[in-house]
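Trainee: Please read through the structure below; I'll follow up with questions.
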Amino acid sequence: MIDLSINFAGIKAPNPFWLASAPPTNSGYQIMKAFEAGWGGAVWKTLGVPVVNVSSRYGSVNYRNTRMMGFNNIELITDRPLADNLREIEEVKKYFPDHAVIASLMVESRKEWEQIIKDVENAGADGIELNFGCPHGMCERGMGSAVGQEPEVLKTIVGWVKEASNIPVITKLSPNISHIIDTGLAAVLGGTDSISLINTIKSIVGIDLDSYAPYPIVDGKGSNGGYCGPAVKPIAMHMLKDLAQHPEISKVPISGIGGIETWRDVVEFILLGATSVQVCTAVMHYGFGIVREMEAGLRQFMEEKNYTTIYDFAGKALPNVTEWKHLNLKHKVVAEINSDTCIGCDLCYISCDDGAHQAISLPTDPTNRIPTIIEENCVGCNLCSLVCPVENCITMVKKDDGTEHITWNERSLNDDVPTTFDDDRAGGKGHFVPKPTDALKNNN
Ligand SMILES: Cc1cc2nc3c(=O)[nH]c(=O)nc-3n(C[C@H](O)[C@H](O)[C@H](O)COP(=O)(O)O)c2cc1C
Ligand code: SF4
Ligand code: SF4
């Protein structure tokens with residue numbers, strides 16, 4: 001019997017699907033609607049000091065047929081009165097006592113932190129999330145990512161919050177930093193009960209070619225926005241992995257955020273160590289109903305793998321994410337084309353010849369358009385299989401027999417690494433490369 005319920009640093013929820021602090025959690029109406037649809041928790045749109053928002057606020061990267069592949073915003077924290085939000089938190093908890101309602105907070109002075117923590121505790125919030133991530137507007141006032149980029153300041157504020165609060169604290173980290181470990185560790189040393197990441201990434205999504213202003217345009221001008229949506233998922237997963245592999249940071253649970261849209265995204269974040277996930281852009285795009293596909297898919301995955309709770313597989317991918325120097329240099333794959341499914345578009349030939357290693361040839365017979373892999377030239381880079389428009393038409397086939405295993409690290413320790421470009425131990429030595437003038441052949 002599958003049990004999706006979680007206990008995240010003391011915050012209980014019927015499932016790991018939470019709404020991230022953002023427009024979908026701006027009101028009790030939206031959160032009640034989301035809980036009815038199946039979401040297990042919600043992080044309320046950040047509460048804090050009074051603000052004024054601008055119009056417009058959102059920009060998008062539409063890639064080919066996909067709208068909002070990347071999404072950016074210059075919105076601030078909530079502009080609704082604090083008293084209204086507190087009253088609605090209380091009301092939501094009355095209707096949904098077993099769901100997680102977390103108050104996202106962002107204020108400046110210690111006194112303000114203490115007051116607002118008391119307010120949300122009195123309203124019945126199950127936890128507090130500290131917004132140290134907002135990369136626009138609020139950071140110019142010394143809050144948001146201005147804190148999330150300064151480990152010492154972050155640690156101090158987490159300490160204040162922990163002293164003042166009686167409910168679990170989640171520290172939400174900014175990705176706008178070189179080493180996420182620095183702020184992750186500062187949060188843990190400050191006493192946080194858990195971490196969430198990522199908030200949005202500083203970005204400009206485009207420039208209008210008439211007004212020369214960046215999107216979203218506010219009366220002829222723009223500002224850097226916070227980037228999110230499917231485009232940021234790889235960055236979020238990398239940062240999650242860094243935190244989840246760290247011996248000290250991994251002692252606290254991590255809520256994964258960034259580009260999550262499908263059940264598969266959820267499973268991937270859990271495999272990298274998250275034990276709750278938060279979603280914003282996908283809900284802004286498709287609505288609360290996406291949680292149904294997420295839940296059905298997660299359940300089916302767990303059923304197939306024989307898992308009862310998400311803790312059975314949380315972090316299972318972590319041992320397989322290693323440093324480059326520990327990869328097996330003896331592993332060898334080459335591309336193989338399935339001539340039955342190939343449609344003869346020749347895209348693989350073009351990308352390998354122009355963008356990779358000249359390891360694909362075209363047939364000389366004009367009635368045949370199926371390319372051939374020149375196995376001895378193929379370095380197994382994957383490019384052709386990635387560009388091929390036919391699913392599984394090009395597969396990467398293992399050529400080593402699996403008996404040999406040597407890593408760069410081991411070779412370094414054995415003093416067995418190339419020291420000059422002519423060294424026979426150098427990787428590219430002996431690889432086929434056409435003569436420069438071969439490029440001109442077709443013009444002759
Ligand atoms: C329009 C908009 C407003 C947001 N406002 C907040 C906010 O008030 N507080 C906060 O912590 N994060 C805020 N976020 C960031 C999201 O909570 C989330 O961290 C980010 O969007 C990445 O998740 P996603 O890729 O699922 O959108 C906002 C995001 C968007 C798009
Ligand atoms: S795997 Fe790389 S080198 Fe090999 S054929 Fe494909 S594109 Fe060329
Ligand atoms: S890209 Fe795929 S479909 Fe197109 S020619 Fe190459 S193998 Fe065939």
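Quick note on naming: the chains in the structure tokens go A, B, ... in the order shown, residues restart at 1 in each chain, and ligands are numbered from 1 in order of appearance.
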Give me the residues within 6 Å of Ile394 (chain A) as a ChimeraX atom specification, counting only C-alpha atoms and dropping any in the same chain fewer than 3 places off.

Mentor: /A:336-337,385

Trainee: Export C-alpha atoms of the chosen residues as a PDB file, in the first residue's frame?

Mentor:
ATOM      1  CA  GLU A 336      24.279   2.859 -34.360  1.00  0.00           C
ATOM      2  CA  ILE A 337      21.565   3.796 -36.860  1.00  0.00           C
ATOM      3  CA  SER A 385      21.283  10.508 -31.213  1.00  0.00           C
TER       4      SER A 385
END

Trainee: Need to verify the contact set: region 83-99 of chain A, 10 Å, only C-alpha atoms, exclusion of same-chain residues closer than 2 positions in sequence. Can you return it as a VMD selection string?

Mentor: chain A and resid 11 to 15 18 26 to 29 31 to 32 35 to 36 39 to 42 44 to 45 47 78 80 to 81 101 to 103 119 to 126

Trainee: So that I have them on file, write out the residues from the current selection with N, CA and C atoms, as a compact mmCIF listing (two decimals), in the first residue's frame.

Mentor:
# COMPACT_ATOMS: atom_id res chain seq x y z
N ILE A 11 6.93 19.28 9.54
CA ILE A 11 5.73 19.77 8.84
C ILE A 11 5.10 18.57 8.13
N LYS A 12 3.87 18.24 8.54
CA LYS A 12 3.23 17.05 7.96
C LYS A 12 2.36 17.44 6.76
N ALA A 13 2.33 16.57 5.76
CA ALA A 13 1.49 16.82 4.58
C ALA A 13 1.07 15.49 4.00
N PRO A 14 -0.13 15.45 3.38
CA PRO A 14 -0.61 14.18 2.82
C PRO A 14 0.19 13.72 1.61
N ASN A 15 0.92 14.62 0.98
CA ASN A 15 1.78 14.23 -0.14
C ASN A 15 2.90 15.26 -0.29
N TRP A 18 3.84 20.43 -3.19
CA TRP A 18 3.54 21.72 -2.58
C TRP A 18 3.58 22.81 -3.64
N ASN A 26 -1.30 33.32 -3.57
CA ASN A 26 -1.51 34.70 -3.15
C ASN A 26 -2.72 34.88 -2.25
N SER A 27 -3.60 33.86 -2.19
CA SER A 27 -4.85 34.05 -1.43
C SER A 27 -5.37 32.72 -0.90
N GLY A 28 -6.21 32.82 0.11
CA GLY A 28 -6.85 31.63 0.66
C GLY A 28 -7.70 30.93 -0.39
N TYR A 29 -8.34 31.70 -1.25
CA TYR A 29 -9.17 31.12 -2.32
C TYR A 29 -8.35 30.16 -3.17
N ILE A 31 -5.44 28.74 -2.52
CA ILE A 31 -4.84 27.61 -1.79
C ILE A 31 -5.91 26.55 -1.48
N MET A 32 -7.11 26.99 -1.11
CA MET A 32 -8.20 26.02 -0.87
C MET A 32 -8.51 25.25 -2.16
N PHE A 35 -5.77 22.72 -2.73
CA PHE A 35 -5.85 21.57 -1.83
C PHE A 35 -6.97 20.63 -2.29
N GLU A 36 -8.06 21.22 -2.72
CA GLU A 36 -9.16 20.38 -3.25
C GLU A 36 -8.71 19.59 -4.47
N TRP A 39 -3.19 19.09 -4.08
CA TRP A 39 -1.88 19.52 -3.56
C TRP A 39 -1.83 19.27 -2.06
N GLY A 40 -0.66 18.86 -1.58
CA GLY A 40 -0.53 18.50 -0.16
C GLY A 40 -0.07 19.65 0.72
N GLY A 41 0.47 20.70 0.10
CA GLY A 41 0.96 21.83 0.89
C GLY A 41 1.09 23.07 0.04
N ALA A 42 1.24 24.20 0.70
CA ALA A 42 1.40 25.46 -0.03
C ALA A 42 2.27 26.40 0.79
N TRP A 44 2.81 30.10 1.27
CA TRP A 44 2.06 31.34 1.00
C TRP A 44 2.96 32.35 0.29
N LYS A 45 2.38 33.11 -0.64
CA LYS A 45 3.10 34.21 -1.30
C LYS A 45 3.76 35.07 -0.21
N LEU A 47 5.11 37.16 2.65
CA LEU A 47 4.56 38.25 3.46
C LEU A 47 5.71 39.10 3.97
N THR A 78 4.07 39.88 -1.59
CA THR A 78 2.63 40.20 -1.67
C THR A 78 2.37 41.69 -1.43
N ARG A 80 -0.84 42.42 -0.79
CA ARG A 80 -2.11 42.38 -0.05
C ARG A 80 -1.82 42.69 1.43
N PRO A 81 -2.76 43.31 2.13
CA PRO A 81 -2.53 43.64 3.54
C PRO A 81 -2.23 42.40 4.38
N VAL A 101 0.51 24.35 5.51
CA VAL A 101 0.45 25.76 5.13
C VAL A 101 1.70 26.44 5.71
N ILE A 102 2.54 26.88 4.83
CA ILE A 102 3.83 27.46 5.25
C ILE A 102 3.84 28.93 4.89
N ALA A 103 4.24 29.76 5.83
CA ALA A 103 4.25 31.20 5.56
C ALA A 103 5.64 31.60 5.10
N ASP A 119 3.03 36.65 14.36
CA ASP A 119 1.76 36.81 13.62
C ASP A 119 1.37 35.52 12.90
N VAL A 120 2.33 34.94 12.17
CA VAL A 120 1.95 33.76 11.37
C VAL A 120 1.78 32.52 12.26
N GLU A 121 2.50 32.49 13.36
CA GLU A 121 2.28 31.37 14.30
C GLU A 121 0.87 31.46 14.88
N ASN A 122 0.48 32.67 15.25
CA ASN A 122 -0.87 32.85 15.80
C ASN A 122 -1.95 32.51 14.78
N ALA A 123 -1.64 32.72 13.51
CA ALA A 123 -2.62 32.41 12.45
C ALA A 123 -2.70 30.91 12.20
N GLY A 124 -1.75 30.15 12.72
CA GLY A 124 -1.82 28.69 12.58
C GLY A 124 -0.94 28.10 11.49
N ALA A 125 0.03 28.88 10.99
CA ALA A 125 0.93 28.33 9.95
C ALA A 125 1.70 27.14 10.52
N ASP A 126 1.94 26.15 9.65
CA ASP A 126 2.66 24.95 10.10
C ASP A 126 4.17 25.14 10.06

Trainee: List the spatial neighbours of Asp416 (chain A) as a ChimeraX atom specification - criterion: any atom at most 12 Å away, only C-alpha atoms, same-chain residues fewer than 5 positions off excluded.

Mentor: /A:406-411,423-426

Trainee: Please write the residues from the selection above to a file, keeping C-alpha atoms, as a PDB file, in the first residue's frame.

Mentor:
ATOM      1  CA  ILE A 406      40.557   3.196 -15.022  1.00  0.00           C
ATOM      2  CA  THR A 407      39.749   6.766 -14.064  1.00  0.00           C
ATOM      3  CA  TRP A 408      41.660  10.007 -14.517  1.00  0.00           C
ATOM      4  CA  ASN A 409      42.067  10.097 -10.777  1.00  0.00           C
ATOM      5  CA  GLU A 410      43.640   6.644 -10.725  1.00  0.00           C
ATOM      6  CA  ARG A 411      45.859   7.500 -13.663  1.00  0.00           C
ATOM      7  CA  ASP A 423      52.148  12.031 -25.641  1.00  0.00           C
ATOM      8  CA  ASP A 424      50.683   8.706 -26.815  1.00  0.00           C
ATOM      9  CA  ARG A 425      48.553   8.669 -23.677  1.00  0.00           C
ATOM     10  CA  ALA A 426      46.723  11.850 -24.811  1.00  0.00           C
TER      11      ALA A 426
END

Trainee: Determine, counting only C-alpha atoms, which protein, DNA and RNA residues have an atom within 8 Å of an atom of Val252 (chain A); residues of the same chain fewer than 3 positions away are not included. Present the result as a PDB file with N, CA and C atoms, in the first residue's frame.

Mentor:
ATOM      1  N   ALA A   9      10.698  17.917   8.182  1.00  0.00           N
ATOM      2  CA  ALA A   9      11.235  18.691   9.316  1.00  0.00           C
ATOM      3  C   ALA A   9      10.154  19.009  10.345  1.00  0.00           C
ATOM      4  N   VAL A 188      22.396  25.919   7.692  1.00  0.00           N
ATOM      5  CA  VAL A 188      22.419  24.810   8.666  1.00  0.00           C
ATOM      6  C   VAL A 188      23.119  25.258   9.949  1.00  0.00           C
ATOM      7  N   ASP A 193      15.837  24.312  10.140  1.00  0.00           N
ATOM      8  CA  ASP A 193      15.331  22.936  10.225  1.00  0.00           C
ATOM      9  C   ASP A 193      15.356  22.260   8.868  1.00  0.00           C
ATOM     10  N   SER A 194      15.384  23.073   7.812  1.00  0.00           N
ATOM     11  CA  SER A 194      15.338  22.501   6.459  1.00  0.00           C
ATOM     12  C   SER A 194      15.693  23.585   5.458  1.00  0.00           C
ATOM     13  N   ILE A 195      15.851  23.136   4.200  1.00  0.00           N
ATOM     14  CA  ILE A 195      16.237  24.065   3.124  1.00  0.00           C
ATOM     15  C   ILE A 195      15.280  23.868   1.958  1.00  0.00           C
ATOM     16  N   ILE A 249      25.018  19.432   5.462  1.00  0.00           N
ATOM     17  CA  ILE A 249      23.766  20.017   4.954  1.00  0.00           C
ATOM     18  C   ILE A 249      22.696  18.942   4.792  1.00  0.00           C
TER      19      ILE A 249
END

Trainee: Might you pull out every residue within 9 Å of Val49 (chain A), with only C-alpha atoms counted and same-chain residues fewer than 5 positions away left off, and present them as an MDAnalysis selection string?

Mentor: chainID A and resid 77:79 82 106:108 112

Trainee: Around ligand 2, out to 12 Å and counting only C-alpha atoms and all ligand atoms, which residues are there? I want them as JSON, numbers by chain.

Mentor: {"A": [332, 333, 334, 335, 336, 337, 346, 347, 348, 349, 350, 351, 352, 353, 354, 355, 356, 357, 358, 359, 360, 361, 362, 371, 372, 373, 374, 375, 376, 377, 378, 379, 380, 381, 382, 383, 384, 385, 386, 387, 388, 393, 394, 395, 396, 397, 398, 431, 432, 433]}

Trainee: Ligand 1: which residues are within 7 Å, counting only C-alpha atoms and all ligand atoms? Reply as a PyMOL selection string.

Mentor: chain A and resi 20-23+45-46+58+71-73+75-78+104+131+133-134+172+197-200+228-230+232-233+257-260+278-282

Trainee: For Val205 (chain A), please output as a list of chain:residue names all residues within 7 Å (counting only C-alpha atoms; exclusion window: fewer than 5 positions along the same chain).

Mentor: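 My reading of the contact set: A:Gly59, A:Ser60, A:Val61, A:Asn72, A:Tyr215.
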
Trainee: To one decimal in Å, tell me the separation between CA of Lys111 (chain A) and CA of Ile157 (chain A).

Mentor: 11.2 Å

Trainee: Excluding Gly289 (chain A) and its own-chain neighbours fewer than 5 positions away, which residues fall within 12 Å of it when counting only C-alpha atoms? Please give them as a ChimeraX atom specification.

Mentor: /A:33-39,261-262,282-284,294-296

Trainee: Can I get the selection written as a PDB file, in the first residue's frame, with C-alpha atoms?

Mentor:
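Ended up saving to out.pdb:
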ATOM      1  CA  LYS A  33      -8.825  25.349  -4.567  1.00  0.00           C
ATOM      2  CA  ALA A  34      -5.375  23.790  -4.877  1.00  0.00           C
ATOM      3  CA  PHE A  35      -5.852  21.568  -1.826  1.00  0.00           C
ATOM      4  CA  GLU A  36      -9.159  20.378  -3.251  1.00  0.00           C
ATOM      5  CA  ALA A  37      -7.366  19.556  -6.498  1.00  0.00           C
ATOM      6  CA  GLY A  38      -4.860  17.374  -4.618  1.00  0.00           C
ATOM      7  CA  TRP A  39      -1.884  19.520  -3.559  1.00  0.00           C
ATOM      8  CA  GLU A 261       5.961  20.140 -14.214  1.00  0.00           C
ATOM      9  CA  THR A 262       5.442  16.369 -14.500  1.00  0.00           C
ATOM     10  CA  ALA A 282       3.779  24.936 -14.289  1.00  0.00           C
ATOM     11  CA  VAL A 283       0.738  25.881 -12.190  1.00  0.00           C
ATOM     12  CA  MET A 284       0.738  29.420 -13.577  1.00  0.00           C
ATOM     13  CA  MET A 294       1.878  14.090 -10.900  1.00  0.00           C
ATOM     14  CA  GLU A 295       0.243  11.900  -8.292  1.00  0.00           C
ATOM     15  CA  ALA A 296      -0.845   9.160 -10.712  1.00  0.00           C
TER      16      ALA A 296
END

Trainee: Could you go through region 131-221 of chain A and tell me which residues DSSP, when run on the backbone, assigns to helix (DSSP H, G or I), listing them as a ChimeraX atom specification?

Mentor: /A:138-141,145-148,151-164,180-189

Trainee: Now that the selection is made, can you save its residues with N, CA and C atoms as a short mmCIF file (atom, residue, chain, number, x, y, z; two decimals), in the first residue's frame?

Mentor:
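In the end it all went to again_19.cif:
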data_model
loop_
_atom_site.label_atom_id
_atom_site.label_comp_id
_atom_site.auth_asym_id
_atom_site.auth_seq_id
_atom_site.Cartn_x
_atom_site.Cartn_y
_atom_site.Cartn_z
N MET A 138 13.43 43.64 -4.16
CA MET A 138 13.64 43.52 -2.71
C MET A 138 15.14 43.48 -2.38
N CYS A 139 15.96 42.90 -3.27
CA CYS A 139 17.39 42.83 -2.98
C CYS A 139 18.03 44.22 -3.02
N GLU A 140 17.42 45.12 -3.81
CA GLU A 140 17.95 46.50 -3.84
C GLU A 140 17.71 47.18 -2.49
N ARG A 141 16.80 46.60 -1.71
CA ARG A 141 16.52 47.17 -0.38
C ARG A 141 17.18 46.35 0.73
N SER A 145 17.58 38.18 -2.28
CA SER A 145 18.87 37.58 -2.66
C SER A 145 20.05 38.37 -2.12
N ALA A 146 19.84 39.61 -1.65
CA ALA A 146 20.94 40.34 -1.02
C ALA A 146 21.40 39.58 0.22
N VAL A 147 20.46 38.91 0.89
CA VAL A 147 20.80 38.07 2.05
C VAL A 147 21.28 36.71 1.56
N GLY A 148 20.60 36.20 0.53
CA GLY A 148 20.93 34.86 0.02
C GLY A 148 22.29 34.78 -0.63
N PRO A 151 26.60 34.60 3.03
CA PRO A 151 26.42 33.52 4.01
C PRO A 151 26.38 33.99 5.47
N GLU A 152 27.21 34.96 5.82
CA GLU A 152 27.26 35.37 7.23
C GLU A 152 25.97 36.08 7.65
N VAL A 153 25.46 36.94 6.75
CA VAL A 153 24.21 37.66 7.05
C VAL A 153 23.07 36.65 7.13
N LEU A 154 23.07 35.71 6.20
CA LEU A 154 22.01 34.69 6.16
C LEU A 154 22.00 33.89 7.47
N LYS A 155 23.20 33.49 7.88
CA LYS A 155 23.30 32.69 9.12
C LYS A 155 22.76 33.48 10.32
N THR A 156 23.10 34.75 10.37
CA THR A 156 22.64 35.59 11.49
C THR A 156 21.11 35.65 11.50
N ILE A 157 20.52 35.87 10.34
CA ILE A 157 19.05 36.02 10.30
C ILE A 157 18.37 34.69 10.62
N VAL A 158 18.94 33.59 10.09
CA VAL A 158 18.36 32.27 10.44
C VAL A 158 18.39 32.10 11.96
N GLY A 159 19.49 32.52 12.57
CA GLY A 159 19.61 32.42 14.03
C GLY A 159 18.53 33.23 14.74
N TRP A 160 18.27 34.46 14.28
CA TRP A 160 17.21 35.28 14.89
C TRP A 160 15.87 34.55 14.78
N VAL A 161 15.62 34.06 13.56
CA VAL A 161 14.32 33.43 13.30
C VAL A 161 14.15 32.19 14.19
N LYS A 162 15.20 31.40 14.28
CA LYS A 162 15.11 30.17 15.08
C LYS A 162 14.85 30.51 16.55
N GLU A 163 15.48 31.57 17.01
CA GLU A 163 15.25 31.95 18.42
C GLU A 163 13.81 32.39 18.64
N ALA A 164 13.23 33.02 17.63
CA ALA A 164 11.89 33.60 17.81
C ALA A 164 10.76 32.63 17.49
N ILE A 180 26.70 27.06 -3.90
CA ILE A 180 25.48 26.94 -3.11
C ILE A 180 25.78 26.33 -1.74
N ILE A 181 26.89 25.58 -1.65
CA ILE A 181 27.28 24.99 -0.37
C ILE A 181 27.50 26.10 0.67
N ASP A 182 28.06 27.25 0.24
CA ASP A 182 28.37 28.31 1.20
C ASP A 182 27.11 28.78 1.93
N THR A 183 26.04 29.02 1.18
CA THR A 183 24.83 29.51 1.83
C THR A 183 24.03 28.35 2.46
N GLY A 184 24.11 27.16 1.83
CA GLY A 184 23.44 26.00 2.42
C GLY A 184 24.00 25.69 3.80
N LEU A 185 25.33 25.73 3.88
CA LEU A 185 25.98 25.43 5.17
C LEU A 185 25.70 26.54 6.19
N ALA A 186 25.69 27.78 5.71
CA ALA A 186 25.40 28.90 6.62
C ALA A 186 24.00 28.74 7.21
N ALA A 187 23.06 28.28 6.38
CA ALA A 187 21.69 28.08 6.87
C ALA A 187 21.67 27.00 7.95
N VAL A 188 22.40 25.92 7.69
CA VAL A 188 22.42 24.81 8.67
C VAL A 188 23.12 25.26 9.95
N LEU A 189 24.23 25.97 9.80
CA LEU A 189 24.95 26.45 11.00
C LEU A 189 24.11 27.47 11.76
#

Trainee: Which of these residues is nearest to Ile2 (chain A), using only C-alpha atoms: A:Leu298, A:Gly430, A:Asn62, A:Gly127?

Mentor: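 Of the candidates, the smallest distance to Ile2 (chain A) is held by A:Leu298.
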
Trainee: Of the candidates A:Val54, A:Ser174, A:Arg369, A:Gly10, which one gets nearest to ligand 3 if we count only C-alpha atoms and all ligand atoms?

Mentor: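 Nearest candidate to ligand 3 out of A:Val54, A:Ser174, A:Arg369, A:Gly10: A:Arg369.
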